[in-house]
>>> print(open('target-v9.cif').read())   # mmCIF, C-alpha atoms
data_target
loop_
_atom_site.group_PDB
_atom_site.id
_atom_site.type_symbol
_atom_site.label_atom_id
_atom_site.label_comp_id
_atom_site.auth_asym_id
_atom_site.auth_seq_id
_atom_site.Cartn_x
_atom_site.Cartn_y
_atom_site.Cartn_z
ATOM 1 C CA MET N 1 2.862 8.799 -31.522
ATOM 2 C CA ALA N 2 5.797 7.767 -29.331
ATOM 3 C CA LYS N 3 4.677 10.234 -26.642
ATOM 4 C CA GLN N 4 1.311 8.474 -26.277
ATOM 5 C CA ASN N 5 3.020 5.101 -26.096
ATOM 6 C CA ASN N 6 5.384 6.345 -23.361
ATOM 7 C CA ASP N 7 2.469 7.896 -21.453
ATOM 8 C CA ALA N 8 0.523 4.653 -21.620
ATOM 9 C CA GLN N 9 3.564 2.674 -20.497
ATOM 10 C CA ALA N 10 4.098 5.061 -17.580
ATOM 11 C CA LEU N 11 0.468 4.729 -16.495
ATOM 12 C CA ASP N 12 0.612 0.952 -16.858
ATOM 13 C CA TYR N 13 3.742 0.906 -14.718
ATOM 14 C CA CYS N 14 2.097 3.010 -12.020
ATOM 15 C CA MET N 15 -1.002 0.805 -12.019
ATOM 16 C CA ASP N 16 1.172 -2.305 -11.745
ATOM 17 C CA MET N 17 2.820 -0.783 -8.680
ATOM 18 C CA ILE N 18 -0.234 0.518 -6.805
ATOM 19 C CA GLY N 19 -3.268 -0.532 -8.818
ATOM 20 C CA GLY N 20 -6.275 -2.308 -7.421
ATOM 21 C CA LYS N 21 -8.550 -1.632 -4.536
ATOM 22 C CA TRP N 22 -6.273 -2.339 -1.604
ATOM 23 C CA LYS N 23 -2.766 -1.028 -2.301
ATOM 24 C CA PRO N 24 -3.570 2.713 -2.087
ATOM 25 C CA ILE N 25 -5.579 2.086 1.094
ATOM 26 C CA ILE N 26 -2.685 0.140 2.636
ATOM 27 C CA LEU N 27 -0.207 2.898 1.726
ATOM 28 C CA TYR N 28 -2.545 5.501 3.227
ATOM 29 C CA HIS N 29 -2.713 3.630 6.542
ATOM 30 C CA ILE N 30 1.010 2.859 6.704
ATOM 31 C CA ASN N 31 1.752 6.539 6.098
ATOM 32 C CA LYS N 32 -0.511 7.383 9.051
ATOM 33 C CA GLY N 33 1.754 5.271 11.245
ATOM 34 C CA THR N 34 -0.074 1.942 11.168
ATOM 35 C CA ASN N 35 2.638 -0.534 10.363
ATOM 36 C CA ARG N 36 1.763 -3.796 12.111
ATOM 37 C CA PHE N 37 -0.219 -6.501 10.312
ATOM 38 C CA ASN N 38 -2.984 -6.911 12.901
ATOM 39 C CA LYS N 39 -3.505 -3.176 13.240
ATOM 40 C CA LEU N 40 -3.708 -2.773 9.461
ATOM 41 C CA PHE N 41 -6.182 -5.649 9.343
ATOM 42 C CA ALA N 42 -8.333 -4.002 12.017
ATOM 43 C CA GLU N 43 -8.265 -0.573 10.335
ATOM 44 C CA ILE N 44 -8.940 -1.604 6.733
ATOM 45 C CA GLU N 45 -12.610 -2.387 6.449
ATOM 46 C CA GLY N 46 -13.554 -5.226 4.136
ATOM 47 C CA ILE N 47 -10.142 -6.795 3.617
ATOM 48 C CA ASN N 48 -9.426 -10.364 4.682
ATOM 49 C CA ARG N 49 -6.131 -11.610 6.133
ATOM 50 C CA GLN N 50 -5.136 -13.499 2.994
ATOM 51 C CA MET N 51 -5.654 -10.457 0.747
ATOM 52 C CA LEU N 52 -3.807 -8.152 3.142
ATOM 53 C CA SER N 53 -0.869 -10.556 3.264
ATOM 54 C CA LYS N 54 -0.832 -10.877 -0.538
ATOM 55 C CA GLN N 55 -0.918 -7.102 -1.064
ATOM 56 C CA LEU N 56 1.795 -6.441 1.535
ATOM 57 C CA LYS N 57 4.052 -9.021 -0.128
ATOM 58 C CA SER N 58 3.429 -7.447 -3.526
ATOM 59 C CA LEU N 59 4.257 -3.966 -2.221
ATOM 60 C CA GLU N 60 7.406 -5.348 -0.622
ATOM 61 C CA ARG N 61 8.501 -7.090 -3.860
ATOM 62 C CA SER N 62 7.918 -3.827 -5.738
ATOM 63 C CA GLY N 63 10.250 -1.986 -3.380
ATOM 64 C CA ILE N 64 7.475 0.211 -1.965
ATOM 65 C CA LEU N 65 7.524 -1.292 1.537
ATOM 66 C CA ASP N 66 10.231 -2.608 3.807
ATOM 67 C CA ARG N 67 9.326 -5.517 6.076
ATOM 68 C CA THR N 68 11.186 -5.883 9.345
ATOM 69 C CA LEU N 69 10.881 -9.119 11.324
ATOM 70 C CA TYR N 70 11.882 -8.861 14.972
ATOM 71 C CA GLY N 71 13.209 -12.025 16.612
ATOM 72 C CA GLU N 72 10.796 -11.907 19.518
ATOM 73 C CA ILE N 73 8.230 -14.314 20.847
ATOM 74 C CA PRO N 74 5.638 -13.868 19.551
ATOM 75 C CA PRO N 75 7.279 -12.616 16.340
ATOM 76 C CA ARG N 76 6.717 -8.967 15.502
ATOM 77 C CA VAL N 77 6.634 -7.695 11.919
ATOM 78 C CA GLU N 78 6.542 -4.029 10.954
ATOM 79 C CA TYR N 79 6.120 -2.414 7.553
ATOM 80 C CA THR N 80 7.580 0.950 6.586
ATOM 81 C CA LEU N 81 7.562 2.961 3.401
ATOM 82 C CA THR N 82 10.758 2.976 1.375
ATOM 83 C CA PRO N 83 11.869 6.165 -0.386
ATOM 84 C CA LEU N 84 10.055 4.808 -3.472
ATOM 85 C CA GLY N 85 6.929 4.287 -1.365
ATOM 86 C CA LYS N 86 7.164 7.801 0.042
ATOM 87 C CA SER N 87 7.386 9.158 -3.495
ATOM 88 C CA LEU N 88 3.943 7.623 -4.153
ATOM 89 C CA LEU N 89 2.282 9.477 -1.284
ATOM 90 C CA PRO N 90 1.332 12.537 -3.381
ATOM 91 C CA VAL N 91 -0.559 10.178 -5.718
ATOM 92 C CA VAL N 92 -2.397 8.512 -2.818
ATOM 93 C CA GLN N 93 -3.130 11.891 -1.208
ATOM 94 C CA ALA N 94 -4.504 13.245 -4.498
ATOM 95 C CA MET N 95 -6.769 10.195 -4.780
ATOM 96 C CA ASN N 96 -7.952 10.789 -1.217
ATOM 97 C CA ARG N 97 -8.685 14.489 -1.855
ATOM 98 C CA TRP N 98 -10.577 13.658 -5.044
ATOM 99 C CA GLY N 99 -12.655 11.033 -3.212
ATOM 100 C CA GLN N 100 -13.446 13.445 -0.380
ATOM 101 C CA LYS N 101 -14.676 16.074 -2.856
ATOM 102 C CA GLN N 102 -16.913 13.528 -4.551
ATOM 103 C CA LEU N 103 -18.331 12.389 -1.208
ATOM 104 C CA GLU N 104 -19.062 16.005 -0.304
ATOM 105 C CA LYS N 105 -21.080 16.301 -3.505
ATOM 106 C CA LYS N 106 -22.819 13.077 -2.466
ATOM 107 C CA ILE N 107 -22.427 11.598 -5.899
ATOM 108 C CA GLU N 108 -23.747 8.084 -5.803
ATOM 109 C CA ILE N 109 -22.466 5.372 -8.063
ATOM 110 C CA PRO N 110 -25.487 3.914 -9.834
ATOM 111 C CA GLU N 111 -26.119 0.248 -9.310
ATOM 112 C CA VAL N 112 -26.230 -1.997 -12.342
ATOM 113 C CA GLN N 113 -29.665 -3.522 -12.580
ATOM 114 C CA GLU N 114 -30.100 -6.996 -13.927
ATOM 115 C CA ALA N 115 -32.907 -7.910 -16.275
ATOM 116 C CA PRO N 116 -35.615 -10.046 -14.661
ATOM 117 C CA LYS N 117 -34.812 -13.735 -15.078
ATOM 118 C CA ASN N 118 -37.971 -14.551 -16.980
ATOM 119 C CA GLN N 119 -37.678 -11.612 -19.373
ATOM 120 C CA GLN N 120 -36.354 -12.369 -22.866
ATOM 121 C CA LEU N 121 -33.614 -10.074 -24.059
ATOM 122 C CA PRO N 122 -33.958 -8.792 -27.632
ATOM 123 C CA LEU N 123 -31.892 -10.593 -30.225
ATOM 124 C CA PHE N 124 -30.064 -8.476 -32.767
#
>>> encode(input="target-v9.cif", output="structure tokens")
Amino acid sequence: MAKQNNDAQALDYCMDMIGGKWKPIILYHINKGTNRFNKLFAEIEGINRQMLSKQLKSLERSGILDRTLYGEIPPRVEYTLTPLGKSLLPVVQAMNRWGQKQLEKKIEIPEVQEAPKNQQLPLF
């Protein structure tokens, strides 16, 4: 029983560190060498500036990213992976490989269809 509890705690911990839609995508791009905010923003489709900033701060607080502010005008900020962040790369790469295999199979995620607004749903 304790083994299952430890496994669940370990998975919860991992999800706290890199869970959600954006963190694995950010780590993927930073590993490719994209480490400036505006370049990340341009490369990550669908993210807004506020969400990118929030996720970068969270990854920094978790010790996954280092943030370096250069005293230039205009200010320059660069993000790099810490050793802890680099240790997560096999997880991100495995997620990427899995996603590529699924796309090759052209598996589509079914859309959830809503009941028509005027249709009564059965009562149980």
>>> closest_residue(input="target-v9.cif", among="N:Ile26, N:Leu11, N:Leu52, N:Leu40", to="Ile64 in chain N", atoms="all atoms listed in the file")
N:Ile26
>>> atom_distance(input="target-v9.cif", atom1="CA of Arg67 in chain N", atom2="CA of Arg36 in chain N")
9.8 Å
>>> atom_distance(input="target-v9.cif", atom1="CA of Cys14 in chain N", atom2="CA of Trp98 in chain N")
18.0 Å
>>> atom_distance(input="target-v9.cif", atom1="CA of Leu65 in chain N", atom2="CA of Gly20 in chain N")
16.5 Å
>>> closest_residue(input="target-v9.cif", among="N:Asn35, N:Lys21, N:Val77, N:Asn96", to="Met51 in chain N", atoms="only C-alpha atoms")
N:Lys21
>>> residues_around(input="target-v9.cif", residues="range 80-92 of chain N", least_positions_apart="3", cutoff="9 Å", atoms="only C-alpha atoms", output="PDB file with C-alpha atoms, in the coordinates of the input")
ATOM      1  CA  ILE N  18      -0.234   0.518  -6.805  1.00  0.00           C
ATOM      2  CA  PRO N  24      -3.570   2.713  -2.087  1.00  0.00           C
ATOM      3  CA  ILE N  25      -5.579   2.086   1.094  1.00  0.00           C
ATOM      4  CA  LEU N  27      -0.207   2.898   1.726  1.00  0.00           C
ATOM      5  CA  TYR N  28      -2.545   5.501   3.227  1.00  0.00           C
ATOM      6  CA  ILE N  30       1.010   2.859   6.704  1.00  0.00           C
ATOM      7  CA  ASN N  31       1.752   6.539   6.098  1.00  0.00           C
ATOM      8  CA  GLY N  33       1.754   5.271  11.245  1.00  0.00           C
ATOM      9  CA  THR N  34      -0.074   1.942  11.168  1.00  0.00           C
ATOM     10  CA  ASN N  35       2.638  -0.534  10.363  1.00  0.00           C
ATOM     11  CA  LEU N  59       4.257  -3.966  -2.221  1.00  0.00           C
ATOM     12  CA  GLY N  63      10.250  -1.986  -3.380  1.00  0.00           C
ATOM     13  CA  ILE N  64       7.475   0.211  -1.965  1.00  0.00           C
ATOM     14  CA  LEU N  65       7.524  -1.292   1.537  1.00  0.00           C
ATOM     15  CA  ASP N  66      10.231  -2.608   3.807  1.00  0.00           C
ATOM     16  CA  ARG N  67       9.326  -5.517   6.076  1.00  0.00           C
ATOM     17  CA  THR N  68      11.186  -5.883   9.345  1.00  0.00           C
ATOM     18  CA  MET N  95      -6.769  10.195  -4.780  1.00  0.00           C
ATOM     19  CA  ASN N  96      -7.952  10.789  -1.217  1.00  0.00           C
ATOM     20  CA  ARG N  97      -8.685  14.489  -1.855  1.00  0.00           C
TER      21      ARG N  97
END
>>> build_atoms(input="target-v9.cif", residues="range 86-108 of chain N", atoms="N, CA and C atoms", output="short mmCIF file (atom, residue, chain, number, x, y, z; two decimals), in the frame of the given file")
data_model
loop_
_atom_site.label_atom_id
_atom_site.label_comp_id
_atom_site.auth_asym_id
_atom_site.auth_seq_id
_atom_site.Cartn_x
_atom_site.Cartn_y
_atom_site.Cartn_z
N LYS N 86 7.46 6.41 -0.35
CA LYS N 86 7.16 7.80 0.04
C LYS N 86 6.92 8.68 -1.18
N SER N 87 7.59 8.36 -2.28
CA SER N 87 7.39 9.16 -3.50
C SER N 87 5.99 8.95 -4.09
N LEU N 88 5.31 7.88 -3.69
CA LEU N 88 3.94 7.62 -4.15
C LEU N 88 2.88 8.34 -3.32
N LEU N 89 3.26 8.86 -2.17
CA LEU N 89 2.28 9.48 -1.28
C LEU N 89 1.50 10.63 -1.92
N PRO N 90 2.14 11.49 -2.74
CA PRO N 90 1.33 12.54 -3.38
C PRO N 90 0.22 11.96 -4.26
N VAL N 91 0.46 10.82 -4.89
CA VAL N 91 -0.56 10.18 -5.72
C VAL N 91 -1.71 9.69 -4.83
N VAL N 92 -1.38 9.03 -3.74
CA VAL N 92 -2.40 8.51 -2.82
C VAL N 92 -3.17 9.67 -2.19
N GLN N 93 -2.47 10.73 -1.81
CA GLN N 93 -3.13 11.89 -1.21
C GLN N 93 -4.05 12.57 -2.21
N ALA N 94 -3.64 12.65 -3.47
CA ALA N 94 -4.50 13.24 -4.50
C ALA N 94 -5.75 12.39 -4.69
N MET N 95 -5.61 11.08 -4.67
CA MET N 95 -6.77 10.20 -4.78
C MET N 95 -7.71 10.41 -3.60
N ASN N 96 -7.15 10.56 -2.41
CA ASN N 96 -7.95 10.79 -1.22
C ASN N 96 -8.71 12.11 -1.31
N ARG N 97 -8.03 13.18 -1.71
CA ARG N 97 -8.68 14.49 -1.86
C ARG N 97 -9.81 14.42 -2.87
N TRP N 98 -9.56 13.78 -4.01
CA TRP N 98 -10.58 13.66 -5.04
C TRP N 98 -11.80 12.91 -4.49
N GLY N 99 -11.56 11.80 -3.79
CA GLY N 99 -12.66 11.03 -3.21
C GLY N 99 -13.45 11.83 -2.19
N GLN N 100 -12.75 12.62 -1.37
CA GLN N 100 -13.45 13.44 -0.38
C GLN N 100 -14.34 14.47 -1.06
N LYS N 101 -13.85 15.09 -2.13
CA LYS N 101 -14.68 16.07 -2.86
C LYS N 101 -15.92 15.41 -3.44
N GLN N 102 -15.77 14.22 -3.97
CA GLN N 102 -16.91 13.53 -4.55
C GLN N 102 -17.92 13.15 -3.47
N LEU N 103 -17.43 12.73 -2.31
CA LEU N 103 -18.33 12.39 -1.21
C LEU N 103 -19.07 13.62 -0.71
N GLU N 104 -18.40 14.77 -0.71
CA GLU N 104 -19.06 16.00 -0.30
C GLU N 104 -20.21 16.35 -1.25
N LYS N 105 -20.02 16.06 -2.52
CA LYS N 105 -21.08 16.30 -3.50
C LYS N 105 -22.18 15.25 -3.42
N LYS N 106 -21.89 14.20 -2.65
CA LYS N 106 -22.82 13.08 -2.47
C LYS N 106 -23.20 12.44 -3.79
N ILE N 107 -22.20 12.28 -4.64
CA ILE N 107 -22.43 11.60 -5.90
C ILE N 107 -22.50 10.11 -5.61
N GLU N 108 -23.59 9.51 -6.01
CA GLU N 108 -23.75 8.08 -5.80
C GLU N 108 -23.43 7.34 -7.08
#
